[in-house]
Amino acid sequence: MATTVITGRDLSFTIATTSYNEQATAATLSADVTIETYDTLAGKAYKSVDKQWTFDVEMLADWGASGSLCEALWTAAETAPNSTLAVSLTAVTGAVFAFNVLPIFPSVGGTSPDAQTVSMSFTVVGTPSETFS
Amino acid sequence: MTASSILTSVRNPLKTAIAGVAANVYDSVPEAPIVPFAAIVPNAPYLQPSLLGKDKVKLKVNLVMTIGVAIYDNQSALDNIEQLAISILAAIPSGYEVGDVSNPINVTVGASEILACEIQLATYYTQTN
């Protein structure tokens, strides 16, 4: 097949139906897969026994702005920490991943004189469902 | 709705914010600046796409503010450019990253020699319409 390149410009995502494209600089969905190794008489055997998905986001802080995403996440983490938020992550047109995350508090602050940024690592509840077309 | 531009959304507001300093302020490269002056010009790299998505053009805009004063004698020129730099740093509005100030150097503009230095600035811009 021909070489295909997709970039961060193809990426977009929403949390609780709100787009974060205006503020986000990076978004990564990844899985930590636990694979057990067994030494058998016939040699090593491997079995995937568990997986935990994580959704990492980096964004420019927008505290104080109208419709602040940081404030929305803070409020969600404060008022409903055990209620999941629906996330839709589009890697590129035709590859959409849907999953749920638990709200977490965004970090506050930064380094002078740079723009304040927020790094968040959401725990994904369950397994993402994918739509490939 | 009028389309936004870097001129009206980034450089003009910056020019307006520092209009109160004791200098002539330019939001582009002046052909013949009148000292003391502050000129807002592009830095390198100038425009950096850094945000996700392509539904809108979103950029980090890197600028450099060149400031210049007359050289009558070294001591007063250095003092003048230090005071001008401090007053500009105090007037730069929120939303702009303020970086380093370069060392002052002698620059020949037209027939006159001035003392000039540069203030690194950056902000973010989203194109609307």
# chains A, B, ... in the order shown; residues from 1 in each chain; ligands from 1
>>> residues_around(residues="Glu31 in chain B", least_positions_apart="3", cutoff="12 Å", atoms="only C-alpha atoms", output="ChimeraX atom specification")
/B:26,28,34,39,109-110
>>> write_last_selection(atoms="C-alpha atoms", output="PDB file, in the first residue's frame")
ATOM      1  CA  TYR B  26       5.230  50.467  15.364  1.00  0.00           C
ATOM      2  CA  SER B  28       5.393  46.362  11.733  1.00  0.00           C
ATOM      3  CA  ILE B  34      12.150  57.752  15.030  1.00  0.00           C
ATOM      4  CA  ALA B  39       8.774  47.952  16.634  1.00  0.00           C
ATOM      5  CA  VAL B 109      19.439  52.915  10.478  1.00  0.00           C
ATOM      6  CA  GLY B 110      19.635  55.203   7.473  1.00  0.00           C
TER       7      GLY B 110
END
>>> residues_around(residues="Ala61 in chain A", least_positions_apart="4", cutoff="10 Å", atoms="only C-alpha atoms", output="NGL selection string")
:A and (23-24 or 65 or 68-71 or 106-110 or 115-119)
>>> write_last_selection(atoms="N, CA and C atoms", output="PDB file, in the first residue's frame")
ATOM      1  N   GLN A  23      -7.702  24.083  22.733  1.00  0.00           N
ATOM      2  CA  GLN A  23      -6.706  24.220  23.794  1.00  0.00           C
ATOM      3  C   GLN A  23      -5.680  23.092  23.823  1.00  0.00           C
ATOM      4  N   ALA A  24      -6.034  21.941  23.227  1.00  0.00           N
ATOM      5  CA  ALA A  24      -5.186  20.758  23.401  1.00  0.00           C
ATOM      6  C   ALA A  24      -3.988  20.760  22.458  1.00  0.00           C
ATOM      7  N   ALA A  65     -11.357  31.734  31.725  1.00  0.00           N
ATOM      8  CA  ALA A  65     -11.980  32.039  30.436  1.00  0.00           C
ATOM      9  C   ALA A  65     -13.443  31.610  30.443  1.00  0.00           C
ATOM     10  N   SER A  68     -14.511  27.756  30.376  1.00  0.00           N
ATOM     11  CA  SER A  68     -13.194  27.164  30.647  1.00  0.00           C
ATOM     12  C   SER A  68     -13.261  25.643  30.737  1.00  0.00           C
ATOM     13  N   LEU A  69     -12.396  24.978  29.980  1.00  0.00           N
ATOM     14  CA  LEU A  69     -12.325  23.523  30.024  1.00  0.00           C
ATOM     15  C   LEU A  69     -11.678  23.051  31.321  1.00  0.00           C
ATOM     16  N   CYS A  70     -10.674  23.779  31.785  1.00  0.00           N
ATOM     17  CA  CYS A  70     -10.020  23.421  33.048  1.00  0.00           C
ATOM     18  C   CYS A  70     -11.017  23.490  34.196  1.00  0.00           C
ATOM     19  N   GLU A  71     -11.821  24.538  34.208  1.00  0.00           N
ATOM     20  CA  GLU A  71     -12.795  24.700  35.283  1.00  0.00           C
ATOM     21  C   GLU A  71     -13.876  23.622  35.214  1.00  0.00           C
ATOM     22  N   PRO A 106      -7.316  19.028  37.029  1.00  0.00           N
ATOM     23  CA  PRO A 106      -6.210  19.521  36.213  1.00  0.00           C
ATOM     24  C   PRO A 106      -5.139  20.136  37.120  1.00  0.00           C
ATOM     25  N   SER A 107      -3.887  20.034  36.692  1.00  0.00           N
ATOM     26  CA  SER A 107      -2.827  20.706  37.438  1.00  0.00           C
ATOM     27  C   SER A 107      -2.968  22.218  37.262  1.00  0.00           C
ATOM     28  N   VAL A 108      -2.492  22.942  38.251  1.00  0.00           N
ATOM     29  CA  VAL A 108      -2.591  24.400  38.229  1.00  0.00           C
ATOM     30  C   VAL A 108      -1.188  24.979  38.326  1.00  0.00           C
ATOM     31  N   GLY A 109      -0.896  25.937  37.459  1.00  0.00           N
ATOM     32  CA  GLY A 109       0.389  26.620  37.531  1.00  0.00           C
ATOM     33  C   GLY A 109       1.270  26.324  36.337  1.00  0.00           C
ATOM     34  N   GLY A 110       2.504  26.743  36.434  1.00  0.00           N
ATOM     35  CA  GLY A 110       3.428  26.547  35.326  1.00  0.00           C
ATOM     36  C   GLY A 110       4.737  27.219  35.623  1.00  0.00           C
ATOM     37  N   ALA A 115       3.600  29.904  28.606  1.00  0.00           N
ATOM     38  CA  ALA A 115       2.163  29.741  28.766  1.00  0.00           C
ATOM     39  C   ALA A 115       1.903  28.613  29.764  1.00  0.00           C
ATOM     40  N   GLN A 116       0.921  28.802  30.627  1.00  0.00           N
ATOM     41  CA  GLN A 116       0.574  27.743  31.576  1.00  0.00           C
ATOM     42  C   GLN A 116      -0.037  26.569  30.812  1.00  0.00           C
ATOM     43  N   THR A 117       0.429  25.392  31.126  1.00  0.00           N
ATOM     44  CA  THR A 117      -0.091  24.199  30.471  1.00  0.00           C
ATOM     45  C   THR A 117      -0.597  23.214  31.516  1.00  0.00           C
ATOM     46  N   VAL A 118      -1.431  22.294  31.044  1.00  0.00           N
ATOM     47  CA  VAL A 118      -2.030  21.284  31.926  1.00  0.00           C
ATOM     48  C   VAL A 118      -1.738  19.918  31.328  1.00  0.00           C
ATOM     49  N   SER A 119      -1.229  19.020  32.153  1.00  0.00           N
ATOM     50  CA  SER A 119      -1.020  17.633  31.728  1.00  0.00           C
ATOM     51  C   SER A 119      -1.917  16.735  32.568  1.00  0.00           C
TER      52      SER A 119
END
>>> interface_residues(of="chain B", to="chain A", cutoff="7 Å", atoms="only C-alpha atoms", output="list of chain:residue names")
B:Ser50, B:Leu51, B:Leu52, B:Gly53, B:Lys54, B:Glu97, B:Val98, B:Gly99
>>> write_last_selection(atoms="N, CA and C atoms", output="CSV table (one decimal), in the first residue's frame")
chain,number,residue,atom,x,y,z
B,50,SER,N,0.5,24.4,16.6
B,50,SER,CA,0.8,23.6,17.8
B,50,SER,C,-0.4,23.0,18.4
B,51,LEU,N,-1.6,23.3,18.0
B,51,LEU,CA,-2.8,22.7,18.6
B,51,LEU,C,-3.4,21.7,17.7
B,52,LEU,N,-4.2,20.8,18.4
B,52,LEU,CA,-4.8,19.7,17.6
B,52,LEU,C,-5.9,20.2,16.7
B,53,GLY,N,-6.2,19.3,15.7
B,53,GLY,CA,-7.3,19.6,14.8
B,53,GLY,C,-7.0,20.5,13.7
B,54,LYS,N,-7.8,20.4,12.6
B,54,LYS,CA,-7.6,21.3,11.5
B,54,LYS,C,-8.9,22.0,11.0
B,97,GLU,N,3.6,35.5,26.2
B,97,GLU,CA,4.8,35.1,26.8
B,97,GLU,C,5.9,36.1,26.6
B,98,VAL,N,6.6,36.4,27.7
B,98,VAL,CA,7.7,37.4,27.6
B,98,VAL,C,9.0,36.7,27.8
B,99,GLY,N,9.8,36.7,26.8
B,99,GLY,CA,11.1,36.0,26.9
B,99,GLY,C,12.2,36.9,27.3
>>> select_by_dssp(residues="chain A", states="strand (DSSP E)", output="PyMOL selection string")
chain A and resi 12-15+18-19+24-40+43-60+85-92+95-101+117-132
>>> residues_around(residues="Ser87 in chain B", least_positions_apart="5", cutoff="12 Å", atoms="only C-alpha atoms", output="list in words")
Ala17, Ile18, Ala19, Gly20, Val21, Ala22, Ala23, Ala38, Ile67, Asn80, Ile81, Glu82 and Ile92 of chain B
>>> decode(residues="chain B", atoms="C-alpha atoms", output="compact mmCIF listing (two decimals), in the first residue's frame")
# COMPACT_ATOMS: atom_id res chain seq x y z
CA MET B 1 -18.49 38.51 11.06
CA THR B 2 -15.22 40.07 10.01
CA ALA B 3 -12.40 37.63 9.59
CA SER B 4 -9.73 37.93 12.24
CA SER B 5 -6.11 38.62 11.46
CA ILE B 6 -2.83 38.51 13.32
CA LEU B 7 -2.55 42.25 12.77
CA THR B 8 -5.84 43.05 14.50
CA SER B 9 -5.78 40.25 17.10
CA VAL B 10 -2.13 40.13 18.10
CA ARG B 11 0.07 42.97 16.88
CA ASN B 12 -2.38 45.88 17.18
CA PRO B 13 -3.43 45.03 20.78
CA LEU B 14 0.23 44.75 21.72
CA LYS B 15 0.93 48.11 20.11
CA THR B 16 -2.01 49.66 21.95
CA ALA B 17 -0.94 48.18 25.29
CA ILE B 18 2.50 49.73 25.14
CA ALA B 19 1.37 53.01 23.58
CA GLY B 20 1.87 54.71 26.94
CA VAL B 21 5.63 54.18 27.05
CA ALA B 22 7.93 57.01 26.10
CA ALA B 23 8.62 55.79 22.59
CA ASN B 24 7.22 55.68 19.08
CA VAL B 25 5.49 52.33 18.67
CA TYR B 26 5.23 50.47 15.36
CA ASP B 27 3.29 47.24 14.76
CA SER B 28 5.39 46.36 11.73
CA VAL B 29 8.85 47.05 10.40
CA PRO B 30 9.17 50.85 10.05
CA GLU B 31 11.08 52.25 7.10
CA ALA B 32 12.66 55.00 9.17
CA PRO B 33 12.00 54.64 12.91
CA ILE B 34 12.15 57.75 15.03
CA VAL B 35 14.02 57.17 18.28
CA PRO B 36 13.17 56.21 20.89
CA PHE B 37 11.04 53.48 19.31
CA ALA B 38 9.58 50.01 19.73
CA ALA B 39 8.77 47.95 16.63
CA ILE B 40 6.84 44.67 16.75
CA VAL B 41 8.18 42.36 14.06
CA PRO B 42 8.09 38.61 13.33
CA ASN B 43 10.55 36.28 14.99
CA ALA B 44 11.87 33.00 13.61
CA PRO B 45 10.11 30.64 13.50
CA TYR B 46 7.22 33.03 13.05
CA LEU B 47 4.03 30.93 12.99
CA GLN B 48 3.95 27.50 14.65
CA PRO B 49 0.92 25.21 14.32
CA SER B 50 0.81 23.59 17.75
CA LEU B 51 -2.77 22.73 18.61
CA LEU B 52 -4.82 19.69 17.65
CA GLY B 53 -7.33 19.57 14.81
CA LYS B 54 -7.57 21.32 11.47
CA ASP B 55 -11.09 22.73 11.64
CA LYS B 56 -9.51 26.11 12.40
CA VAL B 57 -6.03 27.47 11.89
CA LYS B 58 -4.47 27.75 15.34
CA LEU B 59 -0.96 29.04 15.69
CA LYS B 60 1.69 30.03 18.15
CA VAL B 61 2.87 33.46 17.00
CA ASN B 62 6.48 34.31 17.81
CA LEU B 63 7.32 37.99 17.77
CA VAL B 64 10.28 40.12 18.61
CA MET B 65 9.99 43.68 19.77
CA THR B 66 12.98 45.69 18.65
CA ILE B 67 13.55 48.78 20.73
CA GLY B 68 15.98 51.56 19.95
CA VAL B 69 17.28 54.76 21.47
CA ALA B 70 19.62 57.48 20.29
CA ILE B 71 23.31 57.25 21.09
CA TYR B 72 24.64 60.53 22.41
CA ASP B 73 26.93 58.94 24.91
CA ASN B 74 27.28 55.34 25.95
CA GLN B 75 26.23 55.71 29.56
CA SER B 76 23.00 57.62 28.91
CA ALA B 77 22.10 55.45 25.90
CA LEU B 78 22.41 52.28 27.97
CA ASP B 79 20.39 53.85 30.77
CA ASN B 80 17.74 55.01 28.30
CA ILE B 81 17.35 51.61 26.67
CA GLU B 82 17.22 49.88 30.07
CA GLN B 83 14.45 52.23 31.20
CA LEU B 84 12.59 51.76 27.92
CA ALA B 85 12.85 47.96 28.19
CA ILE B 86 11.61 47.99 31.78
CA SER B 87 8.64 50.23 30.94
CA ILE B 88 7.69 47.99 28.00
CA LEU B 89 7.96 44.80 30.07
CA ALA B 90 5.62 46.36 32.61
CA ALA B 91 3.08 47.31 29.95
CA ILE B 92 2.89 44.01 28.04
CA PRO B 93 -0.63 42.61 28.58
CA SER B 94 -1.52 39.14 29.81
CA GLY B 95 -1.71 36.44 27.17
CA TYR B 96 1.77 37.12 25.84
CA GLU B 97 4.80 35.06 26.83
CA VAL B 98 7.66 37.42 27.64
CA GLY B 99 11.09 36.00 26.90
CA ASP B 100 14.62 37.26 27.13
CA VAL B 101 15.88 40.72 26.30
CA SER B 102 18.97 40.63 24.11
CA ASN B 103 22.07 42.67 24.76
CA PRO B 104 21.99 46.18 23.26
CA ILE B 105 24.05 46.63 20.11
CA ASN B 106 24.81 49.54 17.83
CA VAL B 107 22.68 49.51 14.68
CA THR B 108 22.88 51.88 11.74
CA VAL B 109 19.44 52.92 10.48
CA GLY B 110 19.64 55.20 7.47
CA ALA B 111 22.24 57.81 8.25
CA SER B 112 22.00 57.56 12.02
CA GLU B 113 23.38 55.13 14.55
CA ILE B 114 21.15 53.87 17.33
CA LEU B 115 21.40 51.51 20.29
CA ALA B 116 18.94 48.64 19.89
CA CYS B 117 17.94 45.40 21.59
CA GLU B 118 15.22 42.81 21.19
CA ILE B 119 12.48 41.48 23.50
CA GLN B 120 11.22 37.96 22.71
CA LEU B 121 7.41 37.64 22.76
CA ALA B 122 4.95 34.90 21.88
CA THR B 123 1.22 34.28 22.01
CA TYR B 124 -1.42 32.02 20.51
CA TYR B 125 -3.85 32.91 17.72
CA THR B 126 -6.93 31.19 16.33
CA GLN B 127 -8.29 32.22 12.93
CA THR B 128 -12.02 32.99 12.97
CA ASN B 129 -13.98 33.18 9.71
